[in-house]
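Coordinates as given in target-v5.cif (mmCIF, N, CA and C atoms):
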```
data_start
#
loop_
_atom_site.group_PDB
_atom_site.id
_atom_site.type_symbol
_atom_site.label_atom_id
_atom_site.label_comp_id
_atom_site.auth_asym_id
_atom_site.auth_seq_id
_atom_site.Cartn_x
_atom_site.Cartn_y
_atom_site.Cartn_z
ATOM 1 N N MET A 8 -0.432 24.469 -36.092
ATOM 2 C CA MET A 8 -1.173 23.260 -35.884
ATOM 3 C C MET A 8 -0.286 22.123 -35.381
ATOM 4 N N ASP A 9 0.928 22.110 -35.819
ATOM 5 C CA ASP A 9 1.851 21.065 -35.404
ATOM 6 C C ASP A 9 2.119 21.120 -33.898
ATOM 7 N N ASN A 10 2.244 22.328 -33.357
ATOM 8 C CA ASN A 10 2.464 22.488 -31.920
ATOM 9 C C ASN A 10 1.271 21.983 -31.111
ATOM 10 N N ARG A 11 0.081 22.204 -31.635
ATOM 11 C CA ARG A 11 -1.120 21.744 -30.948
ATOM 12 C C ARG A 11 -1.134 20.221 -30.844
ATOM 13 N N ARG A 12 -0.750 19.534 -31.897
ATOM 14 C CA ARG A 12 -0.697 18.072 -31.886
ATOM 15 C C ARG A 12 0.331 17.564 -30.891
ATOM 16 N N LYS A 13 1.475 18.241 -30.822
ATOM 17 C CA LYS A 13 2.502 17.837 -29.855
ATOM 18 C C LYS A 13 1.986 17.970 -28.428
ATOM 19 N N LYS A 14 1.300 19.074 -28.146
ATOM 20 C CA LYS A 14 0.743 19.287 -26.815
ATOM 21 C C LYS A 14 -0.294 18.220 -26.481
ATOM 22 N N GLN A 15 -1.119 17.862 -27.468
ATOM 23 C CA GLN A 15 -2.133 16.842 -27.249
ATOM 24 C C GLN A 15 -1.485 15.490 -26.974
ATOM 25 N N ARG A 16 -0.412 15.174 -27.681
ATOM 26 C CA ARG A 16 0.287 13.912 -27.455
ATOM 27 C C ARG A 16 0.880 13.860 -26.058
ATOM 28 N N ARG A 17 1.522 14.969 -25.648
ATOM 29 C CA ARG A 17 2.102 15.008 -24.303
ATOM 30 C C ARG A 17 1.033 14.849 -23.235
ATOM 31 N N ALA A 18 -0.088 15.533 -23.408
ATOM 32 C CA ALA A 18 -1.175 15.458 -22.431
ATOM 33 C C ALA A 18 -1.746 14.047 -22.373
ATOM 34 N N SER A 19 -1.911 13.411 -23.524
ATOM 35 C CA SER A 19 -2.464 12.055 -23.523
ATOM 36 C C SER A 19 -1.472 11.060 -22.942
ATOM 37 N N SER A 20 -0.171 11.261 -23.189
ATOM 38 C CA SER A 20 0.811 10.330 -22.621
ATOM 39 C C SER A 20 0.874 10.470 -21.107
ATOM 40 N N ARG A 21 0.681 11.695 -20.585
ATOM 41 C CA ARG A 21 0.650 11.884 -19.129
ATOM 42 C C ARG A 21 -0.560 11.195 -18.524
ATOM 43 N N ARG A 22 -1.688 11.275 -19.196
ATOM 44 C CA ARG A 22 -2.891 10.616 -18.695
ATOM 45 C C ARG A 22 -2.727 9.110 -18.687
ATOM 46 N N GLU A 23 -2.094 8.552 -19.690
ATOM 47 C CA GLU A 23 -1.915 7.111 -19.778
ATOM 48 C C GLU A 23 -0.933 6.593 -18.740
ATOM 49 N N SER A 24 0.039 7.408 -18.355
ATOM 50 C CA SER A 24 1.061 6.943 -17.433
ATOM 51 C C SER A 24 0.579 6.912 -15.988
ATOM 52 N N GLN A 25 -0.515 7.601 -15.671
ATOM 53 C CA GLN A 25 -1.028 7.590 -14.313
ATOM 54 C C GLN A 25 -1.756 6.278 -14.060
ATOM 55 N N GLU A 26 -1.389 5.631 -12.983
ATOM 56 C CA GLU A 26 -2.013 4.363 -12.645
ATOM 57 C C GLU A 26 -3.171 4.620 -11.693
ATOM 58 N N VAL A 27 -4.335 4.125 -12.059
ATOM 59 C CA VAL A 27 -5.515 4.290 -11.240
ATOM 60 C C VAL A 27 -6.103 2.917 -10.995
ATOM 61 N N SER A 28 -6.345 2.624 -9.749
ATOM 62 C CA SER A 28 -6.904 1.325 -9.405
ATOM 63 C C SER A 28 -8.242 1.524 -8.718
ATOM 64 N N SER A 29 -9.255 0.879 -9.240
ATOM 65 C CA SER A 29 -10.568 0.967 -8.620
ATOM 66 C C SER A 29 -10.857 -0.271 -7.784
ATOM 67 N N VAL A 30 -9.899 -1.175 -7.719
ATOM 68 C CA VAL A 30 -10.070 -2.396 -6.951
ATOM 69 C C VAL A 30 -9.803 -2.098 -5.476
ATOM 70 N N GLU A 31 -10.713 -2.523 -4.615
ATOM 71 C CA GLU A 31 -10.495 -2.329 -3.179
ATOM 72 C C GLU A 31 -9.400 -3.259 -2.703
ATOM 73 N N TRP A 32 -8.671 -2.801 -1.713
ATOM 74 C CA TRP A 32 -7.638 -3.643 -1.127
ATOM 75 C C TRP A 32 -8.296 -4.748 -0.320
ATOM 76 N N GLN A 33 -7.764 -5.919 -0.452
ATOM 77 C CA GLN A 33 -8.198 -7.020 0.386
ATOM 78 C C GLN A 33 -7.312 -7.045 1.615
ATOM 79 N N PHE A 34 -7.905 -7.246 2.780
ATOM 80 C CA PHE A 34 -7.117 -7.275 4.002
ATOM 81 C C PHE A 34 -6.203 -8.489 3.975
ATOM 82 N N ILE A 35 -4.988 -8.296 4.401
ATOM 83 C CA ILE A 35 -4.006 -9.377 4.413
ATOM 84 C C ILE A 35 -4.022 -10.013 5.785
ATOM 85 N N ASN A 36 -4.256 -11.300 5.809
ATOM 86 C CA ASN A 36 -4.257 -12.025 7.077
ATOM 87 C C ASN A 36 -2.833 -12.374 7.458
ATOM 88 N N MET A 37 -2.469 -12.033 8.669
ATOM 89 C CA MET A 37 -1.153 -12.337 9.213
ATOM 90 C C MET A 37 -1.345 -13.194 10.451
ATOM 91 N N THR A 38 -0.384 -14.061 10.700
ATOM 92 C CA THR A 38 -0.426 -14.830 11.939
ATOM 93 C C THR A 38 -0.033 -13.904 13.085
ATOM 94 N N GLU A 39 -0.300 -14.335 14.301
ATOM 95 C CA GLU A 39 0.068 -13.528 15.462
ATOM 96 C C GLU A 39 1.573 -13.306 15.511
ATOM 97 N N GLN A 40 2.339 -14.333 15.149
ATOM 98 C CA GLN A 40 3.798 -14.206 15.159
ATOM 99 C C GLN A 40 4.256 -13.173 14.129
ATOM 100 N N GLU A 41 3.637 -13.193 12.928
ATOM 101 C CA GLU A 41 3.995 -12.218 11.901
ATOM 102 C C GLU A 41 3.653 -10.803 12.345
ATOM 103 N N GLU A 42 2.459 -10.629 12.917
ATOM 104 C CA GLU A 42 2.060 -9.305 13.397
ATOM 105 C C GLU A 42 3.023 -8.806 14.459
ATOM 106 N N ASP A 43 3.367 -9.669 15.397
ATOM 107 C CA ASP A 43 4.283 -9.280 16.467
ATOM 108 C C ASP A 43 5.633 -8.863 15.896
ATOM 109 N N LEU A 44 6.133 -9.640 14.952
ATOM 110 C CA LEU A 44 7.419 -9.316 14.338
ATOM 111 C C LEU A 44 7.350 -8.004 13.570
ATOM 112 N N ILE A 45 6.253 -7.764 12.865
ATOM 113 C CA ILE A 45 6.090 -6.507 12.124
ATOM 114 C C ILE A 45 6.095 -5.326 13.086
ATOM 115 N N TYR A 46 5.348 -5.430 14.181
ATOM 116 C CA TYR A 46 5.305 -4.329 15.150
ATOM 117 C C TYR A 46 6.686 -4.061 15.737
ATOM 118 N N ARG A 47 7.387 -5.123 16.123
ATOM 119 C CA ARG A 47 8.708 -4.936 16.740
ATOM 120 C C ARG A 47 9.722 -4.390 15.739
ATOM 121 N N MET A 48 9.684 -4.908 14.512
ATOM 122 C CA MET A 48 10.610 -4.413 13.491
ATOM 123 C C MET A 48 10.298 -2.961 13.128
ATOM 124 N N TYR A 49 9.021 -2.605 13.092
ATOM 125 C CA TYR A 49 8.646 -1.230 12.771
ATOM 126 C C TYR A 49 9.207 -0.269 13.817
ATOM 127 N N ARG A 50 9.150 -0.684 15.096
ATOM 128 C CA ARG A 50 9.715 0.165 16.141
ATOM 129 C C ARG A 50 11.217 0.341 15.967
ATOM 130 N N LEU A 51 11.888 -0.697 15.457
ATOM 131 C CA LEU A 51 13.339 -0.628 15.287
ATOM 132 C C LEU A 51 13.769 0.132 14.034
ATOM 133 N N VAL A 52 13.147 -0.175 12.898
ATOM 134 C CA VAL A 52 13.637 0.361 11.622
ATOM 135 C C VAL A 52 12.667 1.314 10.938
ATOM 136 N N GLY A 53 11.472 1.506 11.490
ATOM 137 C CA GLY A 53 10.504 2.406 10.874
ATOM 138 C C GLY A 53 9.829 1.755 9.681
ATOM 139 N N ASP A 54 9.504 2.564 8.680
ATOM 140 C CA ASP A 54 8.739 2.058 7.539
ATOM 141 C C ASP A 54 9.633 1.529 6.421
ATOM 142 N N ARG A 55 10.641 0.810 6.779
ATOM 143 C CA ARG A 55 11.512 0.175 5.781
ATOM 144 C C ARG A 55 10.975 -1.235 5.530
ATOM 145 N N TRP A 56 9.929 -1.262 4.700
ATOM 146 C CA TRP A 56 9.148 -2.481 4.490
ATOM 147 C C TRP A 56 9.984 -3.604 3.893
ATOM 148 N N ASP A 57 10.985 -3.282 3.085
ATOM 149 C CA ASP A 57 11.819 -4.325 2.502
ATOM 150 C C ASP A 57 12.628 -5.050 3.567
ATOM 151 N N LEU A 58 13.102 -4.341 4.577
ATOM 152 C CA LEU A 58 13.830 -4.988 5.670
ATOM 153 C C LEU A 58 12.905 -5.868 6.503
ATOM 154 N N ILE A 59 11.720 -5.364 6.765
ATOM 155 C CA ILE A 59 10.758 -6.132 7.565
ATOM 156 C C ILE A 59 10.329 -7.377 6.809
ATOM 157 N N ALA A 60 10.039 -7.233 5.514
ATOM 158 C CA ALA A 60 9.602 -8.383 4.703
ATOM 159 C C ALA A 60 10.710 -9.420 4.584
ATOM 160 N N GLY A 61 11.957 -8.996 4.636
ATOM 161 C CA GLY A 61 13.069 -9.935 4.568
ATOM 162 C C GLY A 61 13.127 -10.873 5.755
ATOM 163 N N ARG A 62 12.510 -10.493 6.853
ATOM 164 C CA ARG A 62 12.477 -11.329 8.064
ATOM 165 C C ARG A 62 11.274 -12.264 8.109
ATOM 166 N N ILE A 63 10.330 -12.064 7.203
ATOM 167 C CA ILE A 63 9.121 -12.895 7.187
ATOM 168 C C ILE A 63 9.089 -13.671 5.877
ATOM 169 N N PRO A 64 9.332 -14.962 5.923
ATOM 170 C CA PRO A 64 9.360 -15.761 4.684
ATOM 171 C C PRO A 64 8.032 -15.712 3.937
ATOM 172 N N GLY A 65 8.120 -15.509 2.627
ATOM 173 C CA GLY A 65 6.943 -15.536 1.776
ATOM 174 C C GLY A 65 6.149 -14.244 1.715
ATOM 175 N N ARG A 66 6.599 -13.208 2.392
ATOM 176 C CA ARG A 66 5.883 -11.925 2.364
ATOM 177 C C ARG A 66 6.679 -10.906 1.575
ATOM 178 N N LYS A 67 5.961 -10.091 0.808
ATOM 179 C CA LYS A 67 6.584 -9.034 0.015
ATOM 180 C C LYS A 67 6.465 -7.715 0.767
ATOM 181 N N PRO A 68 7.364 -6.775 0.478
ATOM 182 C CA PRO A 68 7.280 -5.460 1.139
ATOM 183 C C PRO A 68 5.935 -4.769 0.920
ATOM 184 N N GLU A 69 5.345 -4.945 -0.257
ATOM 185 C CA GLU A 69 4.052 -4.324 -0.545
ATOM 186 C C GLU A 69 2.963 -4.877 0.373
ATOM 187 N N GLU A 70 3.016 -6.183 0.643
ATOM 188 C CA GLU A 70 2.029 -6.790 1.535
ATOM 189 C C GLU A 70 2.165 -6.254 2.954
ATOM 190 N N ILE A 71 3.405 -6.141 3.401
ATOM 191 C CA ILE A 71 3.649 -5.647 4.759
ATOM 192 C C ILE A 71 3.172 -4.204 4.881
ATOM 193 N N GLU A 72 3.486 -3.385 3.898
ATOM 194 C CA GLU A 72 3.069 -1.981 3.930
ATOM 195 C C GLU A 72 1.549 -1.865 3.893
ATOM 196 N N ARG A 73 0.907 -2.648 3.034
ATOM 197 C CA ARG A 73 -0.559 -2.601 2.939
ATOM 198 C C ARG A 73 -1.195 -3.041 4.255
ATOM 199 N N PHE A 74 -0.642 -4.096 4.868
ATOM 200 C CA PHE A 74 -1.126 -4.556 6.165
ATOM 201 C C PHE A 74 -1.022 -3.423 7.187
ATOM 202 N N TRP A 75 0.134 -2.756 7.234
ATOM 203 C CA TRP A 75 0.362 -1.689 8.201
ATOM 204 C C TRP A 75 -0.601 -0.518 7.966
ATOM 205 N N ILE A 76 -0.758 -0.121 6.724
ATOM 206 C CA ILE A 76 -1.649 1.001 6.411
ATOM 207 C C ILE A 76 -3.089 0.656 6.770
ATOM 208 N N MET A 77 -3.500 -0.547 6.454
ATOM 209 C CA MET A 77 -4.883 -0.925 6.733
ATOM 210 C C MET A 77 -5.119 -1.097 8.227
ATOM 211 N N ARG A 78 -4.116 -1.477 8.959
ATOM 212 C CA ARG A 78 -4.263 -1.664 10.397
ATOM 213 C C ARG A 78 -4.161 -0.335 11.148
ATOM 214 N N HIS A 79 -3.318 0.573 10.660
ATOM 215 C CA HIS A 79 -3.052 1.813 11.391
ATOM 216 C C HIS A 79 -3.511 3.074 10.672
ATOM 217 N N GLY A 80 -3.970 2.967 9.444
ATOM 218 C CA GLY A 80 -4.383 4.151 8.692
ATOM 219 C C GLY A 80 -5.716 4.694 9.166
ATOM 220 N N GLU A 81 -5.816 6.020 9.188
ATOM 221 C CA GLU A 81 -7.059 6.662 9.613
ATOM 222 C C GLU A 81 -8.195 6.398 8.642
ATOM 223 N N GLY A 82 -7.888 6.271 7.372
ATOM 224 C CA GLY A 82 -8.917 6.043 6.369
ATOM 225 C C GLY A 82 -9.608 4.705 6.511
ATOM 226 N N PHE A 83 -8.927 3.750 7.140
ATOM 227 C CA PHE A 83 -9.508 2.425 7.299
ATOM 228 C C PHE A 83 -10.106 2.211 8.683
ATOM 229 N N ALA A 84 -9.993 3.206 9.559
ATOM 230 C CA ALA A 84 -10.494 3.066 10.922
ATOM 231 C C ALA A 84 -12.011 2.824 10.937
ATOM 232 N N ALA A 85 -12.745 3.574 10.129
ATOM 233 C CA ALA A 85 -14.200 3.406 10.090
ATOM 234 C C ALA A 85 -14.574 2.037 9.535
ATOM 235 N N ALA A 86 -13.851 1.593 8.537
ATOM 236 C CA ALA A 86 -14.139 0.283 7.950
ATOM 237 C C ALA A 86 -13.883 -0.829 8.963
ATOM 238 N N ARG A 87 -12.828 -0.673 9.763
ATOM 239 C CA ARG A 87 -12.542 -1.679 10.792
ATOM 240 C C ARG A 87 -13.632 -1.674 11.850
ATOM 241 N N ARG A 88 -14.089 -0.464 12.204
ATOM 242 C CA ARG A 88 -15.124 -0.327 13.219
ATOM 243 C C ARG A 88 -16.396 -1.058 12.816
ATOM 244 N N TYR A 89 -16.727 -1.015 11.542
ATOM 245 C CA TYR A 89 -17.973 -1.623 11.072
ATOM 246 C C TYR A 89 -17.774 -3.029 10.527
ATOM 247 N N GLY A 90 -16.593 -3.579 10.719
ATOM 248 C CA GLY A 90 -16.349 -4.981 10.383
ATOM 249 C C GLY A 90 -16.029 -5.266 8.944
ATOM 250 N N LYS A 91 -15.716 -4.279 8.141
ATOM 251 C CA LYS A 91 -15.435 -4.521 6.737
ATOM 252 C C LYS A 91 -14.073 -5.180 6.542
ATOM 253 N N TYR A 92 -13.081 -4.795 7.338
ATOM 254 C CA TYR A 92 -11.721 -5.340 7.196
ATOM 255 C C TYR A 92 -11.331 -6.079 8.468
ATOM 256 N N ARG A 93 -11.889 -7.193 8.717
ATOM 257 C CA ARG A 93 -11.503 -7.993 9.888
ATOM 258 C C ARG A 93 -11.109 -9.363 9.489
#
```
Hey, can you dump this file as structure tokens for me?
Amino acid sequence: MDNRRKKQRRASSRRESQEVSSVEWQFINMTEQEEDLIYRMYRLVGDRWDLIAGRIPGRKPEEIERFWIMRHGEGFAAARRYGKYR
């Protein structure tokens, strides 16, 4: 019985450690200059969001990555087409 309790504890701790978010992402508005800089930096350094964010004051790497995914991700293409993320 003791082994069963240990297994249950491990299983419950694994379930608790998984982060699940049901909140939809809000589109991040960027200025034309920021967008241009992101595109040019992406061509130079790839998806190194921390380097790109370091060149844009006030932006975090997570924001830059989310902007890029929402702008270029296939999953968001339909939403953009129908005006959900504009």
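If you measure from each of A:Ile59, A:His79, A:Ile71, A:Leu51 to Met37 of chain A using only C-alpha atoms, the closest one turns out to be A:Ile71.
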Notebook entry, point to check: atom C of Glu70 of chain A and atom C of Asn36 of chain A are how many Å apart?
Noted result: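 Between atom C of Glu70 of chain A and atom C of Asn36 of chain A the gap is 9.1 Å.
Among the candidate residues A:Gln33, A:Ile63, A:Trp75, A:Glu69, the one lying nearest to Tyr49 of chain A is A:Trp75, with distances computed using only C-alpha atoms.
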Next item on the list: For atom CA of Trp56 of chain A and atom C of Glu72 of chain A, quote the distance in Å rounded to one decimal.
Entry: 7.6 Å
Margin query: Report, in Å with one decimal, the straight-line distance from atom CA of Glu39 of chain A to atom CA of Gly80 of chain A.
Written below: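 According to the coordinates, atom CA of Glu39 of chain A and atom CA of Gly80 of chain A are separated by 19.4 Å.
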Adding 8 Å on each side of the box along x, y and z that holds all listed atoms of segment 48-56 of chain A, could you give its centre and edge lengths in Å to one decimal, as AutoDock Vina command-line options?
```
--center_x 11.2 --center_y -1.2 --center_z 10.0 --size_x 21.1 --size_y 23.5 --size_z 28.2
```
Next item on the list: Write out as a ChimeraX atom specification each polymer residue whose atoms come within 6.5 Å of Asp57 of chain A, counting all atoms listed in the file; drop sequence neighbours fewer than 4 positions from it.
Entry: /A:61-62,68
